[in-house]
Amino acid sequence: MKLSKLYTKTSKSIPSDESANNARLLIQAGFIHKEMAGVYSYLPLGKIVLDKISEIVRQEMNKIGALEVQMSVLQPRDIWEKTDRWDDKKVDNWFKTKLNNGQDLGIGLTHEEPIVDSLIGFINSYKDLPVYVYQIQNKFRNELRAKSGLLRGREFLMKDLYSFSLNKEDHQQYYDEVLLAYYKIYEKLGIGDDTYRTYADGGIFSSSFSDEFQTLSEVGEDLIYLDKKNKIAINKEIYNPENLKKIGLKESELEPHKAIEVGNTFSLGSKYTDQLGLYYTDNNGQKKSIVMGCYGIGISRLMGVIAEKFSDDLGLIWPINIAPAKIYLISVSQDQKTQAKTQKLYDLLTQKCIDVIYDDRDIRIGEKFADADLLGIPIRAIISSKHGEQEVAVKQRTEKTEKIIKYIDLINLVK
RNA sequence: CGGGGAUUGGCGCAGUUGGCUAGCGCGCCGCGUUUGGGACGCGGAGGUCGGAGGUUCGAGUCCUCUAUCCCCGACCA
């Protein structure tokens, strides 16, 4: 990408209507645009980051045999009445609207009901199971109070996976696979060291616990008690002696931390499948219940969490896997020879499929340095007439000093 | 939904006890000098002060209502 073609601009001042660090930085750097409280648009750079996070999640979902779908955002009322989740008294953060003929519609806040409903007709026999489906889609929740920038919005991008298994044992086996996939995802996103599996309330349909993945952060809404040695935590919501014993945590080993929920996994039993009439026939011809699980990851929230955690006084610091580009390329001088050399390196990197931002704007170098830092690009590469052929000055975003290296070493650095 | 704070050019802000053509910085446009850490000089454009109503000779400044944003709390599949 050439910066002269990018319409967004960075700002020297931070927005006054945001106090959350993630929103301030992302707006200042031109990644997102605030439409209203809790609702943000993703501008070119922000869209790239969002897509990269999505892609990491998508790959891990595909690896555990899940199939991607895209369900509708508009939802008919009747399927939600079957599970008694239409009434505002039962679920109070629905956005609802009507067709011109008066028919009620819901605007999707989660998709258990429609997913189950869509499987009716496809799942009849034990031979049809298991089924694992997921989607990455905007969710809409009418929160009483949006807050903390991308961390709690009314419209947000979420990955939701649903599993359908023959029985509890099969379900549990898949559930554990999902947990492993989640660990891998957070590792790839660069927050693996700070993200912990956390026991939480199992919800009304389960006697056991659910699992959350909580990333340590001072701006987190949740309080967790963390056993750092064993990398297990328990949410304050269910923190009591009985549960500690059940899980096998010792009070003396636990320390309280603020954290942000970046994922959750629920065992749903057969509540939804039964209520919506999704069953299978076993090999004895008997009608059986299907055991369901649901598993969420907030993609846009993750972007906020990462922006929040990885920054300094100069700006954002993206982990290399999700940075809008790996390299920020600058020509130090405006003379034709140096510019031609820079263009050649840009072409070379592009050929090698390395994401690179070429700051070809006709501005002073100081501004380019400042923007390279603010945008949080992991590697800054400078072409100067001082250096030899095939040589480039490279500095990592997290380091202070620059090194002169060969093109080939630059390529190896980001491969 | 309760409490607190805010709203003045694109962005960040100032605006005395009501008083003349509403200021400043950044950004933007033009000309020139600059060019390895957000340069500088000169000259420009751009706001009717969130909205509605009221008090007054006169309102950005006072009153009432209202909208929106932020924070704390409550809530949160």
# chains A, B, ... in the order shown; residues from 1 in each chain; ligands from 1

$ interface_residues --of "chain B" --to "chain A" --cutoff "12 Å" --atoms "only C-alpha atoms (C1' of nucleotides)" --output "PyMOL selection string"
chain B and resi 1+5-7+10-13+25-27+34-39+68-77

$ residues_around --residues "U8 in chain B" --least-positions-apart "3" --cutoff "10 Å" --atoms "only C-alpha atoms (C1' of nucleotides)" --output "PyMOL selection string"
chain B and resi 13-15+22+47-50+60

$ select_by_dssp --residues "range 35-278 of chain A" --states "strand (DSSP E)" --output "MDAnalysis selection string"
chainID A and resid 35:36 39:42 67:68 74:76 95:98 104:107 131:140 155:165 195:200 210:216 222:227 232:235 255:269

$ atom_distance --atom1 "CA of Tyr174 in chain A" --atom2 "CA of Tyr186 in chain A"
18.7 Å

$ residues_around --residues "His111 in chain A" --least-positions-apart "3" --cutoff "8 Å" --atoms "only C-alpha atoms (C1' of nucleotides)" --output "list in words"
Met71, Gly108, Pro114, Ile115 and Asp160 of chain A

$ select_by_dssp --residues "range 79-124 of chain A" --states "helix (DSSP H, G or I)" --output "list in words"
Ile79, Trp80, Glu81, Lys82, Glu112, Glu113, Pro114, Ile115, Val116, Asp117, Ser118 and Leu119 of chain A

$ residues_around --residues "Glu81 in chain A" --least-positions-apart "2" --cutoff "12 Å" --atoms "only C-alpha atoms (C1' of nucleotides)" --output "list in words"
Gln75, Pro76, Arg77, Asp78, Ile79, Thr83, Asp84, Arg85, Trp86, Asp87, Asp88, Lys90, Val91, Asp104, Leu105, Gly106, Glu113, Pro114, Tyr272, Gln275 and Leu276 of chain A

$ closest_residue --among "B:C24, B:G18, B:G32, B:C40" --to "U56 in chain B" --atoms "only C-alpha atoms (C1' of nucleotides)"
B:G18

$ residues_around --residues "C31 in chain B" --least-positions-apart "3" --cutoff "12 Å" --atoms "only C-alpha atoms (C1' of nucleotides)" --output "PDB file with C-alpha atoms (C1' of nucleotides), in the first residue's frame"
ATOM      1  C1'   G B  41       8.273  32.998   7.195  1.00  0.00           C
ATOM      2  C1'   C B  42       4.453  35.750   4.684  1.00  0.00           C
ATOM      3  C1'   G B  43      -0.551  35.698   2.823  1.00  0.00           C
ATOM      4  C1'   G B  44      -5.514  33.241   2.853  1.00  0.00           C
TER       5        G B  44
END

$ residues_around --residues "Gln172 in chain A" --least-positions-apart "6" --cutoff "10 Å" --atoms "only C-alpha atoms (C1' of nucleotides)" --output "count of residues only"
5

$ residues_around --residues "range 229-236 of chain A" --least-positions-apart "2" --cutoff "12 Å" --atoms "only C-alpha atoms (C1' of nucleotides)" --output "number ranges by chain"
A: 183, 192-202, 209-216, 221-227, 238-241, 243-251, 253-261

$ write_last_selection --atoms "N, CA and C atoms" --output "compact mmCIF listing (two decimals), in the first residue's frame"
# COMPACT_ATOMS: atom_id res chain seq x y z
N TYR A 183 -6.57 -21.63 22.73
CA TYR A 183 -5.21 -21.33 23.21
C TYR A 183 -4.30 -20.93 22.05
N GLY A 192 -1.10 -14.63 24.23
CA GLY A 192 -1.14 -15.94 24.86
C GLY A 192 -0.65 -15.93 26.30
N ASP A 193 0.39 -15.17 26.55
CA ASP A 193 0.97 -15.17 27.90
C ASP A 193 0.08 -14.51 28.94
N ASP A 194 -0.84 -13.69 28.48
CA ASP A 194 -1.68 -12.94 29.42
C ASP A 194 -3.13 -13.40 29.41
N THR A 195 -3.39 -14.49 28.72
CA THR A 195 -4.77 -14.93 28.57
C THR A 195 -4.95 -16.28 29.26
N TYR A 196 -5.96 -16.36 30.11
CA TYR A 196 -6.11 -17.55 30.95
C TYR A 196 -7.51 -18.15 30.84
N ARG A 197 -7.51 -19.45 30.80
CA ARG A 197 -8.79 -20.16 30.91
C ARG A 197 -9.34 -19.89 32.30
N THR A 198 -10.61 -19.51 32.32
CA THR A 198 -11.22 -19.06 33.57
C THR A 198 -12.57 -19.74 33.76
N TYR A 199 -12.73 -20.39 34.89
CA TYR A 199 -14.02 -21.01 35.17
C TYR A 199 -15.06 -19.93 35.46
N ALA A 200 -16.23 -20.11 34.88
CA ALA A 200 -17.29 -19.12 35.06
C ALA A 200 -18.63 -19.82 35.16
N ASP A 201 -19.64 -19.04 35.37
CA ASP A 201 -20.98 -19.56 35.54
C ASP A 201 -21.42 -20.35 34.29
N GLY A 202 -21.95 -21.52 34.51
CA GLY A 202 -22.36 -22.36 33.38
C GLY A 202 -23.66 -21.94 32.75
N PHE A 209 -19.64 -25.76 34.92
CA PHE A 209 -19.14 -24.43 34.64
C PHE A 209 -19.05 -24.19 33.14
N SER A 210 -18.96 -22.93 32.80
CA SER A 210 -18.54 -22.60 31.45
C SER A 210 -17.09 -22.15 31.55
N ASP A 211 -16.47 -22.01 30.40
CA ASP A 211 -15.11 -21.50 30.40
C ASP A 211 -15.05 -20.17 29.71
N GLU A 212 -14.27 -19.27 30.30
CA GLU A 212 -14.00 -18.01 29.64
C GLU A 212 -12.51 -17.93 29.40
N PHE A 213 -12.14 -17.16 28.40
CA PHE A 213 -10.73 -16.82 28.25
C PHE A 213 -10.61 -15.35 28.61
N GLN A 214 -9.80 -15.09 29.60
CA GLN A 214 -9.68 -13.74 30.14
C GLN A 214 -8.25 -13.24 29.93
N THR A 215 -8.16 -12.05 29.35
CA THR A 215 -6.86 -11.42 29.15
C THR A 215 -6.66 -10.36 30.21
N LEU A 216 -5.54 -10.45 30.90
CA LEU A 216 -5.29 -9.50 31.98
C LEU A 216 -5.19 -8.08 31.42
N GLU A 221 -13.40 -5.46 32.67
CA GLU A 221 -14.62 -5.35 33.47
C GLU A 221 -14.75 -6.48 34.47
N ASP A 222 -14.02 -7.56 34.22
CA ASP A 222 -14.16 -8.73 35.07
C ASP A 222 -13.04 -8.80 36.10
N LEU A 223 -13.36 -9.41 37.22
CA LEU A 223 -12.33 -9.69 38.22
C LEU A 223 -12.17 -11.21 38.27
N ILE A 224 -10.95 -11.65 38.09
CA ILE A 224 -10.70 -13.09 38.15
C ILE A 224 -9.66 -13.38 39.23
N TYR A 225 -9.73 -14.58 39.75
CA TYR A 225 -8.73 -15.04 40.71
C TYR A 225 -7.86 -16.05 40.00
N LEU A 226 -6.60 -15.69 39.90
CA LEU A 226 -5.70 -16.42 39.01
C LEU A 226 -4.68 -17.25 39.77
N ASP A 227 -4.58 -18.52 39.38
CA ASP A 227 -3.50 -19.39 39.83
C ASP A 227 -2.46 -19.37 38.71
N ILE A 238 -18.35 -16.64 40.50
CA ILE A 238 -18.61 -17.96 41.09
C ILE A 238 -17.56 -18.32 42.13
N TYR A 239 -16.88 -17.30 42.62
CA TYR A 239 -15.79 -17.53 43.58
C TYR A 239 -16.36 -17.84 44.96
N ASN A 240 -16.30 -19.10 45.34
CA ASN A 240 -16.69 -19.49 46.70
C ASN A 240 -16.00 -20.80 47.05
N PRO A 241 -15.93 -21.14 48.33
CA PRO A 241 -15.16 -22.31 48.76
C PRO A 241 -15.58 -23.60 48.07
N ASN A 243 -16.92 -24.04 45.08
CA ASN A 243 -16.44 -24.11 43.70
C ASN A 243 -14.93 -24.28 43.61
N LEU A 244 -14.22 -23.63 44.52
CA LEU A 244 -12.76 -23.79 44.55
C LEU A 244 -12.41 -25.26 44.71
N LYS A 245 -13.13 -25.90 45.60
CA LYS A 245 -12.88 -27.31 45.87
C LYS A 245 -13.19 -28.16 44.64
N LYS A 246 -14.32 -27.85 44.03
CA LYS A 246 -14.75 -28.61 42.87
C LYS A 246 -13.72 -28.53 41.73
N ILE A 247 -13.18 -27.34 41.55
CA ILE A 247 -12.22 -27.13 40.47
C ILE A 247 -10.82 -27.58 40.88
N GLY A 248 -10.57 -27.57 42.17
CA GLY A 248 -9.26 -27.96 42.66
C GLY A 248 -8.28 -26.80 42.76
N LEU A 249 -8.82 -25.63 43.08
CA LEU A 249 -7.96 -24.45 43.26
C LEU A 249 -7.79 -24.18 44.75
N LYS A 250 -6.58 -23.72 45.10
CA LYS A 250 -6.34 -23.37 46.50
C LYS A 250 -6.37 -21.86 46.67
N GLU A 251 -7.11 -21.42 47.65
CA GLU A 251 -7.27 -19.98 47.86
C GLU A 251 -5.92 -19.28 48.01
N GLU A 253 -3.20 -19.84 46.61
CA GLU A 253 -2.44 -19.74 45.35
C GLU A 253 -3.02 -18.68 44.42
N LEU A 254 -4.15 -18.10 44.81
CA LEU A 254 -4.88 -17.23 43.88
C LEU A 254 -4.61 -15.76 44.13
N GLU A 255 -4.48 -15.03 43.03
CA GLU A 255 -4.38 -13.58 43.16
C GLU A 255 -5.41 -12.91 42.26
N PRO A 256 -6.02 -11.83 42.74
CA PRO A 256 -7.05 -11.16 41.95
C PRO A 256 -6.45 -10.31 40.84
N HIS A 257 -7.10 -10.32 39.68
CA HIS A 257 -6.66 -9.51 38.54
C HIS A 257 -7.88 -9.01 37.80
N LYS A 258 -7.76 -7.80 37.28
CA LYS A 258 -8.79 -7.32 36.35
C LYS A 258 -8.49 -7.93 34.97
N ALA A 259 -9.54 -8.27 34.27
CA ALA A 259 -9.33 -8.95 32.99
C ALA A 259 -10.50 -8.67 32.03
N ILE A 260 -10.22 -8.89 30.75
CA ILE A 260 -11.24 -8.72 29.71
C ILE A 260 -11.56 -10.08 29.12
N GLU A 261 -12.83 -10.39 29.01
CA GLU A 261 -13.24 -11.66 28.44
C GLU A 261 -13.06 -11.61 26.92

$ decode --residues "range 36-62 of chain B" --atoms "N, CA and C atoms (P, O5', C5', C4', C3', O3' and C1' of nucleotides)" --output "PDB file, in the first residue's frame"
ATOM      1  P     G B  36      17.447  16.120   7.053  1.00  0.00           P
ATOM      2  O5'   G B  36      16.461  15.347   8.019  1.00  0.00           O
ATOM      3  C5'   G B  36      15.853  14.142   7.723  1.00  0.00           C
ATOM      4  C4'   G B  36      15.896  13.331   8.989  1.00  0.00           C
ATOM      5  C3'   G B  36      17.058  13.687   9.909  1.00  0.00           C
ATOM      6  O3'   G B  36      16.761  13.345  11.249  1.00  0.00           O
ATOM      7  C1'   G B  36      17.309  11.508   9.117  1.00  0.00           C
ATOM      8  P     G B  37      16.003  14.206  12.304  1.00  0.00           P
ATOM      9  O5'   G B  37      14.521  13.713  11.959  1.00  0.00           O
ATOM     10  C5'   G B  37      13.470  14.665  11.718  1.00  0.00           C
ATOM     11  C4'   G B  37      12.440  14.527  12.803  1.00  0.00           C
ATOM     12  C3'   G B  37      12.895  15.006  14.186  1.00  0.00           C
ATOM     13  O3'   G B  37      11.785  15.548  14.881  1.00  0.00           O
ATOM     14  C1'   G B  37      12.282  12.739  14.291  1.00  0.00           C
ATOM     15  P     G B  38      11.232  17.023  14.409  1.00  0.00           P
ATOM     16  O5'   G B  38      10.103  16.625  13.382  1.00  0.00           O
ATOM     17  C5'   G B  38       9.007  15.867  13.845  1.00  0.00           C
ATOM     18  C4'   G B  38       7.854  16.126  12.917  1.00  0.00           C
ATOM     19  C3'   G B  38       7.244  17.522  13.050  1.00  0.00           C
ATOM     20  O3'   G B  38       6.846  17.893  11.754  1.00  0.00           O
ATOM     21  C1'   G B  38       5.597  15.863  13.437  1.00  0.00           C
ATOM     22  P     A B  39       7.685  19.161  11.114  1.00  0.00           P
ATOM     23  O5'   A B  39       8.350  19.928  12.328  1.00  0.00           O
ATOM     24  C5'   A B  39       8.115  21.273  12.493  1.00  0.00           C
ATOM     25  C4'   A B  39       9.352  22.071  12.095  1.00  0.00           C
ATOM     26  C3'   A B  39       9.060  23.536  11.869  1.00  0.00           C
ATOM     27  O3'   A B  39       9.047  24.231  13.108  1.00  0.00           O
ATOM     28  C1'   A B  39      10.396  22.712  10.099  1.00  0.00           C
ATOM     29  P     C B  40       7.850  25.225  13.398  1.00  0.00           P
ATOM     30  O5'   C B  40       8.261  26.461  12.486  1.00  0.00           O
ATOM     31  C5'   C B  40       9.407  27.206  12.819  1.00  0.00           C
ATOM     32  C4'   C B  40       9.817  28.088  11.678  1.00  0.00           C
ATOM     33  C3'   C B  40       8.787  29.097  11.190  1.00  0.00           C
ATOM     34  O3'   C B  40       8.641  30.193  12.067  1.00  0.00           O
ATOM     35  C1'   C B  40       9.910  28.147   9.344  1.00  0.00           C
ATOM     36  P     G B  41       7.287  31.026  12.063  1.00  0.00           P
ATOM     37  O5'   G B  41       7.492  31.973  10.802  1.00  0.00           O
ATOM     38  C5'   G B  41       8.578  32.879  10.766  1.00  0.00           C
ATOM     39  C4'   G B  41       8.603  33.590   9.435  1.00  0.00           C
ATOM     40  C3'   G B  41       7.271  34.170   8.994  1.00  0.00           C
ATOM     41  O3'   G B  41       6.994  35.412   9.600  1.00  0.00           O
ATOM     42  C1'   G B  41       8.273  32.998   7.195  1.00  0.00           C
ATOM     43  P     C B  42       5.476  35.827   9.916  1.00  0.00           P
ATOM     44  O5'   C B  42       4.923  36.197   8.473  1.00  0.00           O
ATOM     45  C5'   C B  42       5.482  37.303   7.765  1.00  0.00           C
ATOM     46  C4'   C B  42       4.964  37.312   6.351  1.00  0.00           C
ATOM     47  C3'   C B  42       3.444  37.231   6.215  1.00  0.00           C
ATOM     48  O3'   C B  42       2.794  38.466   6.462  1.00  0.00           O
ATOM     49  C1'   C B  42       4.453  35.750   4.684  1.00  0.00           C
ATOM     50  P     G B  43       1.311  38.446   7.059  1.00  0.00           P
ATOM     51  O5'   G B  43       0.468  37.929   5.821  1.00  0.00           O
ATOM     52  C5'   G B  43       0.492  38.655   4.598  1.00  0.00           C
ATOM     53  C4'   G B  43      -0.259  37.907   3.537  1.00  0.00           C
ATOM     54  C3'   G B  43      -1.664  37.483   3.927  1.00  0.00           C
ATOM     55  O3'   G B  43      -2.579  38.543   3.858  1.00  0.00           O
ATOM     56  C1'   G B  43      -0.551  35.698   2.823  1.00  0.00           C
ATOM     57  P     G B  44      -4.024  38.387   4.524  1.00  0.00           P
ATOM     58  O5'   G B  44      -4.639  37.247   3.598  1.00  0.00           O
ATOM     59  C5'   G B  44      -5.747  36.529   4.051  1.00  0.00           C
ATOM     60  C4'   G B  44      -6.112  35.496   3.024  1.00  0.00           C
ATOM     61  C3'   G B  44      -7.308  34.668   3.420  1.00  0.00           C
ATOM     62  O3'   G B  44      -8.491  35.294   2.970  1.00  0.00           O
ATOM     63  C1'   G B  44      -5.514  33.241   2.853  1.00  0.00           C
ATOM     64  P     A B  45      -9.737  35.437   3.970  1.00  0.00           P
ATOM     65  O5'   A B  45     -10.438  34.024   3.751  1.00  0.00           O
ATOM     66  C5'   A B  45     -10.754  33.587   2.429  1.00  0.00           C
ATOM     67  C4'   A B  45     -11.054  32.104   2.451  1.00  0.00           C
ATOM     68  C3'   A B  45     -12.030  31.675   3.530  1.00  0.00           C
ATOM     69  O3'   A B  45     -13.372  31.873   3.133  1.00  0.00           O
ATOM     70  C1'   A B  45     -10.166  30.217   3.497  1.00  0.00           C
ATOM     71  P     G B  46     -14.448  32.350   4.189  1.00  0.00           P
ATOM     72  O5'   G B  46     -14.572  31.083   5.140  1.00  0.00           O
ATOM     73  C5'   G B  46     -15.061  29.838   4.619  1.00  0.00           C
ATOM     74  C4'   G B  46     -14.834  28.746   5.631  1.00  0.00           C
ATOM     75  C3'   G B  46     -15.442  29.017   7.008  1.00  0.00           C
ATOM     76  O3'   G B  46     -16.810  28.653   7.030  1.00  0.00           O
ATOM     77  C1'   G B  46     -13.212  28.250   7.234  1.00  0.00           C
ATOM     78  P     G B  47     -17.886  29.672   7.652  1.00  0.00           P
ATOM     79  O5'   G B  47     -17.900  29.257   9.177  1.00  0.00           O
ATOM     80  C5'   G B  47     -18.149  27.900   9.547  1.00  0.00           C
ATOM     81  C4'   G B  47     -18.291  27.786  11.034  1.00  0.00           C
ATOM     82  C3'   G B  47     -19.411  28.617  11.650  1.00  0.00           C
ATOM     83  O3'   G B  47     -20.640  27.937  11.531  1.00  0.00           O
ATOM     84  C1'   G B  47     -17.431  28.725  12.972  1.00  0.00           C
ATOM     85  P     U B  48     -21.999  28.771  11.421  1.00  0.00           P
ATOM     86  O5'   U B  48     -22.109  29.542  12.810  1.00  0.00           O
ATOM     87  C5'   U B  48     -22.154  28.847  14.061  1.00  0.00           C
ATOM     88  C4'   U B  48     -22.963  29.634  15.067  1.00  0.00           C
ATOM     89  C3'   U B  48     -24.448  29.794  14.676  1.00  0.00           C
ATOM     90  O3'   U B  48     -25.347  29.582  15.738  1.00  0.00           O
ATOM     91  C1'   U B  48     -23.369  31.931  14.697  1.00  0.00           C
ATOM     92  P     C B  49     -25.124  29.875  17.277  1.00  0.00           P
ATOM     93  O5'   C B  49     -24.474  28.609  18.026  1.00  0.00           O
ATOM     94  C5'   C B  49     -23.583  27.699  17.467  1.00  0.00           C
ATOM     95  C4'   C B  49     -22.478  27.377  18.464  1.00  0.00           C
ATOM     96  C3'   C B  49     -22.954  27.267  19.916  1.00  0.00           C
ATOM     97  O3'   C B  49     -22.264  26.175  20.520  1.00  0.00           O
ATOM     98  C1'   C B  49     -21.231  28.882  19.721  1.00  0.00           C
ATOM     99  P     G B  50     -22.923  25.262  21.614  1.00  0.00           P
ATOM    100  O5'   G B  50     -23.685  24.084  20.851  1.00  0.00           O
ATOM    101  C5'   G B  50     -23.143  23.548  19.653  1.00  0.00           C
ATOM    102  C4'   G B  50     -24.084  22.527  19.079  1.00  0.00           C
ATOM    103  C3'   G B  50     -25.539  22.979  18.969  1.00  0.00           C
ATOM    104  O3'   G B  50     -25.774  23.719  17.799  1.00  0.00           O
ATOM    105  C1'   G B  50     -25.442  20.853  19.982  1.00  0.00           C
ATOM    106  P     G B  51     -26.880  24.876  17.790  1.00  0.00           P
ATOM    107  O5'   G B  51     -28.256  24.094  17.960  1.00  0.00           O
ATOM    108  C5'   G B  51     -28.753  23.297  16.901  1.00  0.00           C
ATOM    109  C4'   G B  51     -30.090  22.716  17.287  1.00  0.00           C
ATOM    110  C3'   G B  51     -31.132  23.729  17.750  1.00  0.00           C
ATOM    111  O3'   G B  51     -31.806  24.340  16.672  1.00  0.00           O
ATOM    112  C1'   G B  51     -31.058  21.952  19.286  1.00  0.00           C
ATOM    113  P     A B  52     -32.395  25.804  16.852  1.00  0.00           P
ATOM    114  O5'   A B  52     -33.620  25.573  17.838  1.00  0.00           O
ATOM    115  C5'   A B  52     -34.761  24.850  17.404  1.00  0.00           C
ATOM    116  C4'   A B  52     -35.780  24.745  18.511  1.00  0.00           C
ATOM    117  C3'   A B  52     -36.188  26.068  19.154  1.00  0.00           C
ATOM    118  O3'   A B  52     -37.166  26.771  18.410  1.00  0.00           O
ATOM    119  C1'   A B  52     -35.714  24.489  20.841  1.00  0.00           C
ATOM    120  P     G B  53     -37.170  28.377  18.502  1.00  0.00           P
ATOM    121  O5'   G B  53     -37.663  28.653  19.996  1.00  0.00           O
ATOM    122  C5'   G B  53     -39.027  28.446  20.345  1.00  0.00           C
ATOM    123  C4'   G B  53     -39.202  28.463  21.842  1.00  0.00           C
ATOM    124  C3'   G B  53     -38.990  29.803  22.537  1.00  0.00           C
ATOM    125  O3'   G B  53     -40.087  30.694  22.388  1.00  0.00           O
ATOM    126  C1'   G B  53     -37.922  28.111  23.781  1.00  0.00           C
ATOM    127  P     G B  54     -39.763  32.277  22.365  1.00  0.00           P
ATOM    128  O5'   G B  54     -39.246  32.568  23.856  1.00  0.00           O
ATOM    129  C5'   G B  54     -40.167  32.554  24.932  1.00  0.00           C
ATOM    130  C4'   G B  54     -39.464  32.621  26.261  1.00  0.00           C
ATOM    131  C3'   G B  54     -38.869  33.968  26.652  1.00  0.00           C
ATOM    132  O3'   G B  54     -39.843  34.884  27.088  1.00  0.00           O
ATOM    133  C1'   G B  54     -37.394  32.211  27.237  1.00  0.00           C
ATOM    134  P     U B  55     -39.570  36.490  26.939  1.00  0.00           P
ATOM    135  O5'   U B  55     -38.460  36.769  28.047  1.00  0.00           O
ATOM    136  C5'   U B  55     -38.779  36.647  29.435  1.00  0.00           C
ATOM    137  C4'   U B  55     -37.578  37.014  30.274  1.00  0.00           C
ATOM    138  C3'   U B  55     -36.947  38.361  29.935  1.00  0.00           C
ATOM    139  O3'   U B  55     -37.616  39.437  30.560  1.00  0.00           O
ATOM    140  C1'   U B  55     -35.267  36.703  30.136  1.00  0.00           C
ATOM    141  P     U B  56     -37.981  40.747  29.675  1.00  0.00           P
ATOM    142  O5'   U B  56     -36.546  41.362  29.358  1.00  0.00           O
ATOM    143  C5'   U B  56     -35.713  41.827  30.413  1.00  0.00           C
ATOM    144  C4'   U B  56     -34.352  42.192  29.865  1.00  0.00           C
ATOM    145  C3'   U B  56     -34.369  43.110  28.654  1.00  0.00           C
ATOM    146  O3'   U B  56     -34.546  44.477  29.020  1.00  0.00           O
ATOM    147  C1'   U B  56     -32.854  41.341  28.293  1.00  0.00           C
ATOM    148  P     C B  57     -35.493  45.400  28.074  1.00  0.00           P
ATOM    149  O5'   C B  57     -34.564  45.747  26.825  1.00  0.00           O
ATOM    150  C5'   C B  57     -35.123  46.329  25.640  1.00  0.00           C
ATOM    151  C4'   C B  57     -34.027  46.643  24.661  1.00  0.00           C
ATOM    152  C3'   C B  57     -33.076  45.496  24.367  1.00  0.00           C
ATOM    153  O3'   C B  57     -33.591  44.620  23.383  1.00  0.00           O
ATOM    154  C1'   C B  57     -31.814  47.438  24.852  1.00  0.00           C
ATOM    155  P     G B  58     -33.457  43.038  23.573  1.00  0.00           P
ATOM    156  O5'   G B  58     -31.889  42.813  23.463  1.00  0.00           O
ATOM    157  C5'   G B  58     -31.221  43.004  22.214  1.00  0.00           C
ATOM    158  C4'   G B  58     -29.728  42.893  22.393  1.00  0.00           C
ATOM    159  C3'   G B  58     -29.232  41.576  22.993  1.00  0.00           C
ATOM    160  O3'   G B  58     -29.124  40.566  22.021  1.00  0.00           O
ATOM    161  C1'   G B  58     -28.169  43.404  24.072  1.00  0.00           C
ATOM    162  P     A B  59     -29.363  39.011  22.436  1.00  0.00           P
ATOM    163  O5'   A B  59     -28.171  38.685  23.442  1.00  0.00           O
ATOM    164  C5'   A B  59     -26.791  38.721  23.023  1.00  0.00           C
ATOM    165  C4'   A B  59     -26.089  37.466  23.495  1.00  0.00           C
ATOM    166  C3'   A B  59     -26.634  36.177  22.873  1.00  0.00           C
ATOM    167  O3'   A B  59     -25.572  35.234  22.792  1.00  0.00           O
ATOM    168  C1'   A B  59     -26.975  36.126  25.198  1.00  0.00           C
ATOM    169  P     G B  60     -24.609  35.224  21.509  1.00  0.00           P
ATOM    170  O5'   G B  60     -23.671  33.952  21.774  1.00  0.00           O
ATOM    171  C5'   G B  60     -24.153  32.627  21.591  1.00  0.00           C
ATOM    172  C4'   G B  60     -23.422  31.677  22.495  1.00  0.00           C
ATOM    173  C3'   G B  60     -23.684  31.909  23.973  1.00  0.00           C
ATOM    174  O3'   G B  60     -24.812  31.186  24.378  1.00  0.00           O
ATOM    175  C1'   G B  60     -21.341  31.763  23.569  1.00  0.00           C
ATOM    176  P     U B  61     -25.547  31.508  25.715  1.00  0.00           P
ATOM    177  O5'   U B  61     -24.425  31.300  26.807  1.00  0.00           O
ATOM    178  C5'   U B  61     -24.695  31.674  28.126  1.00  0.00           C
ATOM    179  C4'   U B  61     -23.431  31.895  28.886  1.00  0.00           C
ATOM    180  C3'   U B  61     -23.674  32.739  30.122  1.00  0.00           C
ATOM    181  O3'   U B  61     -23.005  32.216  31.232  1.00  0.00           O
ATOM    182  C1'   U B  61     -22.091  33.806  28.667  1.00  0.00           C
ATOM    183  P     C B  62     -23.822  31.094  32.056  1.00  0.00           P
ATOM    184  O5'   C B  62     -25.172  31.847  32.441  1.00  0.00           O
ATOM    185  C5'   C B  62     -25.267  32.645  33.620  1.00  0.00           C
ATOM    186  C4'   C B  62     -26.693  33.029  33.871  1.00  0.00           C
ATOM    187  C3'   C B  62     -27.720  31.909  33.672  1.00  0.00           C
ATOM    188  O3'   C B  62     -27.811  31.071  34.805  1.00  0.00           O
ATOM    189  C1'   C B  62     -28.473  33.864  32.586  1.00  0.00           C
TER     190        C B  62
END
